[in-house]
file run.cif (mmCIF, C-alpha atoms)
data_start
#
loop_
_atom_site.group_PDB
_atom_site.id
_atom_site.type_symbol
_atom_site.label_atom_id
_atom_site.label_comp_id
_atom_site.auth_asym_id
_atom_site.auth_seq_id
_atom_site.Cartn_x
_atom_site.Cartn_y
_atom_site.Cartn_z
ATOM 1 C CA MET S 1405 -17.549 -22.475 -8.651
ATOM 2 C CA SER S 1406 -20.189 -23.438 -6.080
ATOM 3 C CA ASP S 1407 -19.353 -25.385 -2.931
ATOM 4 C CA ARG S 1408 -21.255 -28.384 -4.275
ATOM 5 C CA ASN S 1409 -19.387 -28.369 -7.588
ATOM 6 C CA ALA S 1410 -16.032 -28.008 -5.867
ATOM 7 C CA LEU S 1411 -16.729 -31.009 -3.643
ATOM 8 C CA SER S 1412 -17.943 -33.017 -6.627
ATOM 9 C CA ARG S 1413 -14.651 -32.337 -8.416
ATOM 10 C CA ILE S 1414 -12.688 -34.130 -5.664
ATOM 11 C CA GLY S 1415 -15.173 -36.861 -4.876
ATOM 12 C CA GLY S 1416 -15.957 -35.411 -1.460
ATOM 13 C CA VAL S 1417 -19.178 -34.814 0.426
ATOM 14 C CA ALA S 1418 -20.397 -31.757 2.272
ATOM 15 C CA LEU S 1419 -19.034 -30.898 5.702
ATOM 16 C CA ARG S 1420 -19.998 -33.699 8.070
ATOM 17 C CA ARG S 1421 -19.878 -31.555 11.190
ATOM 18 C CA GLU S 1422 -20.922 -28.025 12.046
ATOM 19 C CA PRO S 1423 -17.828 -25.788 12.261
ATOM 20 C CA SER S 1424 -17.527 -23.151 14.941
ATOM 21 C CA GLU S 1425 -18.066 -19.505 14.065
ATOM 22 C CA VAL S 1426 -14.284 -19.009 14.301
ATOM 23 C CA GLU S 1427 -13.654 -21.812 11.825
ATOM 24 C CA ARG S 1428 -16.339 -20.537 9.436
ATOM 25 C CA LYS S 1429 -14.661 -17.119 9.418
ATOM 26 C CA LEU S 1430 -11.227 -18.659 8.805
ATOM 27 C CA ARG S 1431 -12.637 -20.795 5.990
ATOM 28 C CA ARG S 1432 -13.968 -17.719 4.212
ATOM 29 C CA GLU S 1433 -10.713 -15.815 4.677
ATOM 30 C CA LEU S 1434 -8.554 -18.704 3.483
ATOM 31 C CA ALA S 1435 -10.750 -19.362 0.436
ATOM 32 C CA ALA S 1436 -10.430 -15.673 -0.460
ATOM 33 C CA ALA S 1437 -6.630 -15.893 -0.130
ATOM 34 C CA PHE S 1438 -6.562 -18.784 -2.589
ATOM 35 C CA ARG S 1439 -8.627 -16.830 -5.094
ATOM 36 C CA VAL S 1440 -6.480 -13.689 -4.811
ATOM 37 C CA ALA S 1441 -3.254 -15.704 -5.093
ATOM 38 C CA HIS S 1442 -4.633 -17.446 -8.181
ATOM 39 C CA HIS S 1443 -5.511 -14.067 -9.690
ATOM 40 C CA LEU S 1444 -1.902 -12.996 -9.123
ATOM 41 C CA GLY S 1445 -0.653 -16.116 -10.930
ATOM 42 C CA TRP S 1446 1.174 -17.666 -8.006
ATOM 43 C CA ASN S 1447 0.207 -21.320 -8.428
ATOM 44 C CA ALA S 1448 1.226 -23.586 -11.271
ATOM 45 C CA ASP S 1449 -0.821 -26.687 -10.439
ATOM 46 C CA THR S 1450 -3.058 -28.304 -7.818
ATOM 47 C CA LEU S 1451 -0.139 -29.398 -5.631
ATOM 48 C CA ASN S 1452 0.526 -25.992 -4.052
ATOM 49 C CA HIS S 1453 -0.977 -25.244 -0.656
ATOM 50 C CA ILE S 1454 -1.939 -22.618 1.866
ATOM 51 C CA THR S 1455 -2.633 -23.944 5.345
ATOM 52 C CA LEU S 1456 -4.127 -22.174 8.336
ATOM 53 C CA ARG S 1457 -4.223 -23.179 11.989
ATOM 54 C CA ILE S 1458 -7.603 -23.254 13.746
ATOM 55 C CA PRO S 1459 -6.752 -21.552 17.068
ATOM 56 C CA GLY S 1460 -7.319 -23.507 20.267
ATOM 57 C CA THR S 1461 -7.359 -26.846 18.453
ATOM 58 C CA GLU S 1462 -4.916 -29.422 17.134
ATOM 59 C CA THR S 1463 -6.278 -28.944 13.631
ATOM 60 C CA PHE S 1464 -5.704 -26.796 10.558
ATOM 61 C CA LEU S 1465 -7.342 -26.003 7.213
ATOM 62 C CA MET S 1466 -5.788 -27.199 3.948
ATOM 63 C CA ASN S 1467 -6.854 -27.348 0.314
ATOM 64 C CA PRO S 1468 -7.734 -30.917 -0.704
ATOM 65 C CA LEU S 1469 -5.958 -32.784 -3.480
ATOM 66 C CA GLY S 1470 -7.449 -32.157 -6.910
ATOM 67 C CA LEU S 1471 -8.732 -28.572 -6.737
ATOM 68 C CA GLY S 1472 -7.110 -25.604 -8.437
ATOM 69 C CA TRP S 1473 -6.769 -22.448 -6.379
ATOM 70 C CA ASP S 1474 -9.478 -20.838 -8.482
ATOM 71 C CA GLU S 1475 -11.852 -23.635 -7.437
ATOM 72 C CA ILE S 1476 -11.389 -23.349 -3.677
ATOM 73 C CA THR S 1477 -14.521 -22.566 -1.687
ATOM 74 C CA ALA S 1478 -14.954 -22.149 2.056
ATOM 75 C CA SER S 1479 -16.695 -25.475 2.543
ATOM 76 C CA ALA S 1480 -14.343 -27.388 0.219
ATOM 77 C CA LEU S 1481 -11.354 -26.729 2.496
ATOM 78 C CA ALA S 1482 -10.380 -29.781 4.524
ATOM 79 C CA THR S 1483 -9.913 -29.738 8.294
ATOM 80 C CA ALA S 1484 -7.011 -32.040 9.179
ATOM 81 C CA ASP S 1485 -5.182 -33.043 12.340
ATOM 82 C CA TYR S 1486 -1.515 -33.880 12.881
ATOM 83 C CA SER S 1487 -2.145 -37.614 12.477
ATOM 84 C CA ARG S 1488 -3.099 -37.363 8.771
ATOM 85 C CA ASN S 1489 -6.832 -37.536 9.470
ATOM 86 C CA VAL S 1490 -9.358 -35.469 7.492
ATOM 87 C CA LEU S 1491 -11.998 -34.565 10.064
ATOM 88 C CA SER S 1492 -14.316 -32.400 7.987
ATOM 89 C CA HIS S 1493 -15.266 -34.533 4.976
ATOM 90 C CA THR S 1494 -15.372 -38.088 3.711
ATOM 91 C CA GLY S 1495 -13.894 -39.003 0.347
ATOM 92 C CA VAL S 1496 -11.305 -36.203 0.455
ATOM 93 C CA ARG S 1497 -7.549 -36.738 0.158
ATOM 94 C CA LEU S 1498 -4.591 -34.494 0.994
ATOM 95 C CA ALA S 1499 -1.384 -34.272 -1.034
ATOM 96 C CA PRO S 1500 1.220 -36.329 0.903
ATOM 97 C CA ALA S 1501 4.171 -33.960 0.421
ATOM 98 C CA GLY S 1502 2.157 -30.829 1.136
ATOM 99 C CA TYR S 1503 0.614 -32.339 4.246
ATOM 100 C CA ASN S 1504 4.017 -33.502 5.449
ATOM 101 C CA PHE S 1505 5.836 -30.198 5.732
ATOM 102 C CA HIS S 1506 2.839 -27.898 6.255
ATOM 103 C CA SER S 1507 1.646 -29.939 9.233
ATOM 104 C CA GLY S 1508 5.213 -30.300 10.462
ATOM 105 C CA ILE S 1509 5.766 -26.536 10.495
ATOM 106 C CA LEU S 1510 2.431 -25.776 12.164
ATOM 107 C CA LYS S 1511 2.918 -28.487 14.785
ATOM 108 C CA ALA S 1512 6.454 -27.400 15.672
ATOM 109 C CA ARG S 1513 5.886 -23.636 15.572
ATOM 110 C CA PRO S 1514 2.890 -22.423 17.630
ATOM 111 C CA ASP S 1515 3.798 -18.846 16.680
ATOM 112 C CA ILE S 1516 3.044 -19.637 13.032
ATOM 113 C CA HIS S 1517 -0.610 -19.798 12.004
ATOM 114 C CA CYS S 1518 -0.365 -19.739 8.213
ATOM 115 C CA VAL S 1519 1.975 -21.409 5.704
ATOM 116 C CA PHE S 1520 2.087 -20.559 1.968
ATOM 117 C CA HIS S 1521 3.846 -22.750 -0.587
ATOM 118 C CA THR S 1522 3.951 -22.049 -4.315
ATOM 119 C CA HIS S 1523 5.721 -23.263 -7.418
ATOM 120 C CA GLU S 1524 5.614 -19.757 -8.914
ATOM 121 C CA SER S 1525 7.918 -19.729 -11.954
ATOM 122 C CA ALA S 1526 10.233 -16.815 -11.085
ATOM 123 C CA GLY S 1527 10.768 -18.224 -7.605
ATOM 124 C CA THR S 1528 11.581 -21.623 -9.039
ATOM 125 C CA VAL S 1529 14.125 -19.999 -11.367
ATOM 126 C CA VAL S 1530 15.832 -18.180 -8.483
ATOM 127 C CA GLY S 1531 15.881 -21.421 -6.486
ATOM 128 C CA SER S 1532 17.657 -23.143 -9.370
ATOM 129 C CA ILE S 1533 20.622 -20.802 -9.791
ATOM 130 C CA GLU S 1534 23.834 -20.451 -7.832
ATOM 131 C CA GLY S 1535 23.803 -17.514 -5.444
ATOM 132 C CA GLY S 1536 20.065 -17.502 -4.779
ATOM 133 C CA LEU S 1537 18.060 -14.321 -4.408
ATOM 134 C CA GLN S 1538 19.616 -10.967 -5.249
ATOM 135 C CA ILE S 1539 17.910 -7.692 -4.362
ATOM 136 C CA PHE S 1540 17.754 -5.175 -7.231
ATOM 137 C CA ALA S 1541 15.260 -2.614 -5.898
ATOM 138 C CA GLN S 1542 14.446 -0.785 -2.700
ATOM 139 C CA GLY S 1543 11.253 -2.766 -2.133
ATOM 140 C CA GLY S 1544 13.242 -5.966 -1.839
ATOM 141 C CA CYS S 1545 15.172 -4.646 1.177
ATOM 142 C CA PHE S 1546 12.115 -5.685 3.174
ATOM 143 C CA LEU S 1547 13.460 -9.242 2.761
ATOM 144 C CA HIS S 1548 16.891 -8.555 4.279
ATOM 145 C CA GLY S 1549 17.639 -11.320 6.784
ATOM 146 C CA GLU S 1550 14.264 -12.957 6.095
ATOM 147 C CA VAL S 1551 15.159 -15.486 3.379
ATOM 148 C CA GLY S 1552 16.348 -19.012 4.133
ATOM 149 C CA TYR S 1553 17.354 -21.752 1.683
ATOM 150 C CA HIS S 1554 16.546 -25.447 1.712
ATOM 151 C CA ASP S 1555 18.350 -27.922 -0.520
ATOM 152 C CA PHE S 1556 16.314 -30.129 -2.812
ATOM 153 C CA GLU S 1557 15.558 -33.563 -1.332
ATOM 154 C CA GLY S 1558 12.925 -34.872 -3.724
ATOM 155 C CA LEU S 1559 9.152 -34.729 -3.254
ATOM 156 C CA ALA S 1560 9.305 -33.687 0.441
ATOM 157 C CA ARG S 1561 7.144 -36.629 1.502
ATOM 158 C CA GLU S 1562 9.545 -37.975 4.117
ATOM 159 C CA GLU S 1563 8.912 -36.889 7.709
ATOM 160 C CA ASP S 1564 12.626 -36.761 8.477
ATOM 161 C CA GLU S 1565 12.961 -33.823 6.033
ATOM 162 C CA VAL S 1566 10.708 -31.599 8.169
ATOM 163 C CA PRO S 1567 13.337 -30.859 10.869
ATOM 164 C CA ARG S 1568 15.746 -29.727 8.139
ATOM 165 C CA ILE S 1569 13.089 -27.455 6.625
ATOM 166 C CA LEU S 1570 12.458 -25.983 10.078
ATOM 167 C CA SER S 1571 16.184 -25.528 10.661
ATOM 168 C CA ASP S 1572 16.679 -23.798 7.301
ATOM 169 C CA LEU S 1573 13.662 -21.555 7.919
ATOM 170 C CA GLY S 1574 14.803 -20.680 11.437
ATOM 171 C CA ALA S 1575 13.201 -17.449 12.666
ATOM 172 C CA LYS S 1576 12.820 -16.127 9.111
ATOM 173 C CA HIS S 1577 9.525 -15.640 7.302
ATOM 174 C CA THR S 1578 10.455 -16.956 3.853
ATOM 175 C CA LEU S 1579 12.248 -19.966 2.447
ATOM 176 C CA VAL S 1580 13.532 -20.650 -1.056
ATOM 177 C CA MET S 1581 13.189 -24.389 -1.568
ATOM 178 C CA ASN S 1582 15.883 -24.975 -4.175
ATOM 179 C CA ASN S 1583 14.702 -26.541 -7.451
ATOM 180 C CA HIS S 1584 11.221 -26.692 -5.938
ATOM 181 C CA GLY S 1585 9.419 -23.468 -5.009
ATOM 182 C CA LEU S 1586 8.844 -20.789 -2.392
ATOM 183 C CA LEU S 1587 7.491 -20.884 1.158
ATOM 184 C CA SER S 1588 6.349 -18.154 3.536
ATOM 185 C CA VAL S 1589 4.942 -18.202 7.051
ATOM 186 C CA GLY S 1590 3.145 -15.778 9.317
ATOM 187 C CA ALA S 1591 1.055 -15.306 12.405
ATOM 188 C CA SER S 1592 -1.920 -14.615 10.112
ATOM 189 C CA ILE S 1593 -2.995 -15.113 6.504
ATOM 190 C CA GLY S 1594 -2.216 -11.477 5.805
ATOM 191 C CA GLU S 1595 1.304 -11.684 7.183
ATOM 192 C CA ALA S 1596 2.200 -14.868 5.290
ATOM 193 C CA PHE S 1597 0.572 -13.436 2.135
ATOM 194 C CA GLY S 1598 2.617 -10.238 2.426
ATOM 195 C CA TRP S 1599 5.905 -12.090 2.795
ATOM 196 C CA MET S 1600 5.107 -14.298 -0.193
ATOM 197 C CA ARG S 1601 4.216 -11.296 -2.318
ATOM 198 C CA ALA S 1602 7.478 -9.536 -1.428
ATOM 199 C CA LEU S 1603 9.484 -12.679 -2.203
ATOM 200 C CA ILE S 1604 7.773 -13.319 -5.541
ATOM 201 C CA GLU S 1605 8.167 -9.685 -6.620
ATOM 202 C CA ALA S 1606 11.891 -9.789 -5.798
ATOM 203 C CA CYS S 1607 12.327 -13.075 -7.686
ATOM 204 C CA THR S 1608 10.395 -11.710 -10.674
ATOM 205 C CA LEU S 1609 12.612 -8.622 -10.856
ATOM 206 C CA GLN S 1610 15.756 -10.739 -10.617
ATOM 207 C CA GLU S 1611 14.520 -12.973 -13.426
ATOM 208 C CA ARG S 1612 14.056 -9.904 -15.647
ATOM 209 C CA VAL S 1613 17.477 -8.375 -15.023
#
call {"tool": "encode", "arguments": {"input": "run.cif", "output": "structure tokens"}}
result
Amino acid sequence: MSDRNALSRIGGVALRREPSEVERKLRRELAAAFRVAHHLGWNADTLNHITLRIPGTETFLMNPLGLGWDEITASALATADYSRNVLSHTGVRLAPAGYNFHSGILKARPDIHCVFHTHESAGTVVGSIEGGLQIFAQGGCFLHGEVGYHDFEGLAREEDEVPRILSDLGAKHTLVMNNHGLLSVGASIGEAFGWMRALIEACTLQERV
């Protein structure tokens, strides 16, 4: 899908400011991550998100409400701040729940630059059973001590839930959001992507056992 078609799908207009070279590079990398994750079958709907901090600013990139991961283009990504403002486009909205905890994590954790959240089916299954994740293969040992759990609290739109998400995540890189989905974080897209892949593969194997 072209940039123009993607923006048309969500009622937005082209970028209203010229991004820096750093931001342009991050936009391309993040759009590619969405496409690869879609190819791997990680997202179930348009409400899943990958967010990425723009270094040296109080802003981050996020997929706008209404686009599937296979529709994401570099210029369709929204630049948002921590006050719920979309700075890059007009006519673009962000999903309230996704914005709430993605922005909350990025704001509170300067060591984290990328946050993945998916409703991938095997992960949702594991987050719905007593006992949580079990490791059945050597590859899953990578996750030892790296998986937190967060109890279901509804749509995650309330700001007072963010401190509990942060507490349950702690210093770990992945979080099973019970009856909801999976979350991973990293200092880069690649790191967060790798943790999510390891978590999904472990959940998929557990589902098959």
call {"tool": "closest_atom_pairs", "arguments": {"input": "run.cif", "of": "stretch 1539-1589 of chain S", "to": "stretch 1453-1462 of chain S", "cutoff": "12 Å", "atoms": "all atoms listed in the file", "output": "CSV"}}
result
residue,atom,partner,partner_atom,distance
S:Gly1585,CA,S:His1453,CA,11.4
S:Leu1586,CA,S:His1453,CA,10.9
S:Leu1587,CA,S:Ile1454,CA,9.6
S:Ser1588,CA,S:Ile1454,CA,9.6
S:Val1589,CA,S:Thr1455,CA,9.7
call {"tool": "write_last_selection", "arguments": {"input": "run.cif", "atoms": "C-alpha atoms", "output": "PDB file, in the frame of the given file"}}
result
ATOM      1  CA  GLY S1585       9.419 -23.468  -5.009  1.00  0.00           C
ATOM      2  CA  LEU S1586       8.844 -20.789  -2.392  1.00  0.00           C
ATOM      3  CA  LEU S1587       7.491 -20.884   1.158  1.00  0.00           C
ATOM      4  CA  SER S1588       6.349 -18.154   3.536  1.00  0.00           C
ATOM      5  CA  VAL S1589       4.942 -18.202   7.051  1.00  0.00           C
TER       6      VAL S1589
END
call {"tool": "residues_near_point", "arguments": {"input": "run.cif", "point": "(-11.4, -25.9, -1.3)", "cutoff": "7 Å", "atoms": "only C-alpha atoms", "output": "PDB file with C-alpha atoms, in the coordinates of the input"}}
result
ATOM      1  CA  ALA S1410     -16.032 -28.008  -5.867  1.00  0.00           C
ATOM      2  CA  ALA S1435     -10.750 -19.362   0.436  1.00  0.00           C
ATOM      3  CA  ASN S1467      -6.854 -27.348   0.314  1.00  0.00           C
ATOM      4  CA  PRO S1468      -7.734 -30.917  -0.704  1.00  0.00           C
ATOM      5  CA  LEU S1471      -8.732 -28.572  -6.737  1.00  0.00           C
ATOM      6  CA  GLU S1475     -11.852 -23.635  -7.437  1.00  0.00           C
ATOM      7  CA  ILE S1476     -11.389 -23.349  -3.677  1.00  0.00           C
ATOM      8  CA  THR S1477     -14.521 -22.566  -1.687  1.00  0.00           C
ATOM      9  CA  ALA S1478     -14.954 -22.149   2.056  1.00  0.00           C
ATOM     10  CA  SER S1479     -16.695 -25.475   2.543  1.00  0.00           C
ATOM     11  CA  ALA S1480     -14.343 -27.388   0.219  1.00  0.00           C
ATOM     12  CA  LEU S1481     -11.354 -26.729   2.496  1.00  0.00           C
TER      13      LEU S1481
END
call {"tool": "resolve_selection", "arguments": {"input": "run.cif", "expression": "the PyMOL selection byres ((chain S and resi 1547) around 9)", "output": "PyMOL selection string"}}
result
chain S and resi 1539+1543-1546+1548-1551+1577-1578+1599+1602-1603+1606
call {"tool": "closest_residue", "arguments": {"input": "run.cif", "among": "S:Trp1446, S:Trp1473, S:Phe1464, S:Tyr1503", "to": "S:Leu1491", "atoms": "only C-alpha atoms"}}
result
S:Phe1464
call {"tool": "residues_around", "arguments": {"input": "run.cif", "residues": "S:Thr1463", "least_positions_apart": "5", "cutoff": "10 Å", "atoms": "all atoms listed in the file", "output": "number ranges by chain"}}
result
S: 1456-1458, 1483-1487, 1489-1491, 1507, 1510-1511
call {"tool": "residues_around", "arguments": {"input": "run.cif", "residues": "stretch 1521-1534 of chain S", "least_positions_apart": "2", "cutoff": "10 Å", "atoms": "all atoms listed in the file", "output": "MDAnalysis selection string"}}
result
chainID S and resid 1441 1445:1449 1451:1455 1502 1505:1506 1519 1536:1538 1553:1556 1578:1589 1596 1600 1603:1612
call {"tool": "closest_residue", "arguments": {"input": "run.cif", "among": "S:Arg1513, S:Arg1568, S:Ala1482, S:Arg1439", "to": "S:Glu1427", "atoms": "all atoms listed in the file"}}
result
S:Ala1482
call {"tool": "atom_distance", "arguments": {"input": "run.cif", "atom1": "atom CA of S:Thr1450", "atom2": "atom CA of S:Gly1472"}}
result
4.9 Å
call {"tool": "atom_distance", "arguments": {"input": "run.cif", "atom1": "atom CA of S:Gly1552", "atom2": "atom CA of S:Leu1434"}}
result
24.9 Å
call {"tool": "atom_distance", "arguments": {"input": "run.cif", "atom1": "atom CA of S:His1443", "atom2": "atom CA of S:Ala1541"}}
result
24.0 Å
call {"tool": "closest_residue", "arguments": {"input": "run.cif", "among": "S:Pro1567, S:Gly1535, S:Asp1515, S:Ile1593", "to": "S:Leu1465", "atoms": "only C-alpha atoms"}}
result
S:Ile1593
call {"tool": "closest_residue", "arguments": {"input": "run.cif", "among": "S:Gly1594, S:Val1566, S:Glu1425, S:Ser1492", "to": "S:Phe1438", "atoms": "all atoms listed in the file"}}
result
S:Gly1594
call {"tool": "residues_around", "arguments": {"input": "run.cif", "residues": "S:Ser1592", "least_positions_apart": "2", "cutoff": "6 Å", "atoms": "only C-alpha atoms", "output": "list in words"}}
result
His1517, Cys1518, Gly1590, Gly1594 and Glu1595 of chain S
